[in-house]
Amino acid sequence: MSQRESNEYILGTDDMELFRLGLQHQVWASEAQTGWSKAGFSAGQTLLDLGSGPGFCSKELAFITGPTGQVVAVDRSAHYIDYVQEIAKKHGLNIKGIVSDFDDMELANESLDGMYCRWAMAWIKNPKEILSKVLQALKPGAKMVLHEYYDWSTHQLEPNKPNLQKAIAACLRSFKEQEGDIDVGRYLPNMLNSLGMKVTSVRPMVKLARPSDFAWHWPKSFYHTYFPRLVEAGYLTEAEKTAALEEMDELEQFPHTTLFCPSLVEVIAEKV
């Protein structure tokens, strides 16, 4: 999966990003499982994994829905959907992979018992329109579980390092100049309510990591993946990128360094 796709994500779809996504999923897996449990996802259901990526959540959801249920994994990356299908075949899971943009995806009316979406609404220009499309595909009583950033600017370290802070600020600036809204999570409750859904739960999700914590490796892997892309895009110089990563290495030598990850929110809503 080393070749770049023409429509790849802001972070790419290569092998390095595949590993980063796997690590990311391990950091946030317990939060996803909490949301699925609160939404009542269970055996025999048909669940949509919207923006599935390489299927780390699709796999877990398929074990929940079991042989009598199904997970529909939708992603625009053919590389990732191929990977999803490999996972399904290897583990004997009922996962239907669909390569599609959200705008073009086709979902049968009232065919879904639930939907999960993590970090996908932030990258599109029309989240309300897409959620409306999914809403039509939900059965009455079915629920959406969404995990999105609430405030990416909470991404901070103590002690502060100037080059690393500059690189983090460049990340946020690059996100702001993309389609969508990186902090879309804050708008979801009102958005879903305006679609006629009943918002049943709003839960903050935050992580404060130290160098000895596993969660520390989530932002660290992101820096090593994304800072080089910032150089390619002109947001950082090569020297600034190198200095930022060196400062990250320096911070790891101090056990009481703290890193507050970007804050997220979980929103669960029911079709009534």
# chains A, B, ... in the order shown; residues from 1 in each chain; ligands from 1
>>> residues_around(residues="Trp152 of chain A", least_positions_apart="3", cutoff="12 Å", atoms="only C-alpha atoms", output="ChimeraX atom specification")
/A:119,122,148-149,155-156,168-169,171-173,175-176,181-186,206,260-265
>>> residues_around(residues="Leu192 of chain A", least_positions_apart="4", cutoff="9 Å", atoms="only C-alpha atoms", output="list of chain:residue names")
A:Lys128, A:Leu131, A:Ser132, A:Tyr187, A:Leu188, A:Gly196, A:Met197, A:Lys198, A:Val199, A:Ala269
>>> select_by_dssp(residues="segment 58-160 of chain A", states="alpha helix (DSSP H)", output="PyMOL selection string")
chain A and resi 58-65+78-91+127-137
>>> closest_atom_pairs(of="segment 75-170 of chain A", to="segment 44-56 of chain A", cutoff="8 Å", atoms="only C-alpha atoms", output="CSV")
residue,atom,partner,partner_atom,distance
A:Asp75,CA,A:Gly51,CA,4.8
A:Arg76,CA,A:Gly51,CA,7.7
A:Ser77,CA,A:Gly53,CA,7.3
A:His79,CA,A:Pro54,CA,7.9
A:Tyr80,CA,A:Pro54,CA,4.3
A:Ile81,CA,A:Pro54,CA,6.2
A:Asp82,CA,A:Pro54,CA,8.0
A:Tyr83,CA,A:Pro54,CA,5.6
A:Val84,CA,A:Gly55,CA,5.0
A:Ile87,CA,A:Gly55,CA,7.8
A:Ser111,CA,A:Thr46,CA,7.4
A:Leu112,CA,A:Thr46,CA,5.3
A:Asp113,CA,A:Thr46,CA,5.3
A:Gly114,CA,A:Leu47,CA,4.9
A:Met115,CA,A:Leu48,CA,4.5
A:Tyr116,CA,A:Asp49,CA,5.1
A:Cys117,CA,A:Leu50,CA,5.0
A:Arg118,CA,A:Gly51,CA,7.3
A:Trp119,CA,A:Gly51,CA,8.0
A:Ala120,CA,A:Gly51,CA,5.7
>>> write_last_selection(atoms="C-alpha atoms", output="PDB file, in the first residue's frame")
ATOM      1  CA  ASP A  75     -14.702   4.702   2.404  1.00  0.00           C
ATOM      2  CA  ARG A  76     -13.436   6.553  -0.642  1.00  0.00           C
ATOM      3  CA  SER A  77     -10.049   4.815  -0.530  1.00  0.00           C
ATOM      4  CA  HIS A  79      -6.694   0.722  -0.805  1.00  0.00           C
ATOM      5  CA  TYR A  80      -8.497   0.794   2.512  1.00  0.00           C
ATOM      6  CA  ILE A  81     -11.578  -1.067   1.342  1.00  0.00           C
ATOM      7  CA  ASP A  82      -9.320  -3.781  -0.099  1.00  0.00           C
ATOM      8  CA  TYR A  83      -7.760  -4.038   3.356  1.00  0.00           C
ATOM      9  CA  VAL A  84     -11.221  -4.239   4.954  1.00  0.00           C
ATOM     10  CA  ILE A  87      -9.757  -8.593   7.230  1.00  0.00           C
ATOM     11  CA  SER A 111     -31.944  -0.671   6.051  1.00  0.00           C
ATOM     12  CA  LEU A 112     -29.626   0.172   8.960  1.00  0.00           C
ATOM     13  CA  ASP A 113     -29.848  -0.512  12.686  1.00  0.00           C
ATOM     14  CA  GLY A 114     -27.123   1.983  13.493  1.00  0.00           C
ATOM     15  CA  MET A 115     -24.184   4.028  12.275  1.00  0.00           C
ATOM     16  CA  TYR A 116     -20.714   4.758  13.631  1.00  0.00           C
ATOM     17  CA  CYS A 117     -18.546   7.585  12.337  1.00  0.00           C
ATOM     18  CA  ARG A 118     -15.170   8.719  13.687  1.00  0.00           C
ATOM     19  CA  TRP A 119     -13.152  11.668  12.341  1.00  0.00           C
ATOM     20  CA  ALA A 120     -14.972  11.760   8.995  1.00  0.00           C
TER      21      ALA A 120
END
>>> atom_distance(atom1="atom CA of Gln136 of chain A", atom2="atom CA of Glu110 of chain A")
6.3 Å
>>> closest_residue(among="A:Val72, A:Met121, A:Ala167, A:Ala43", to="Ala239 of chain A", atoms="only C-alpha atoms")
A:Ala167
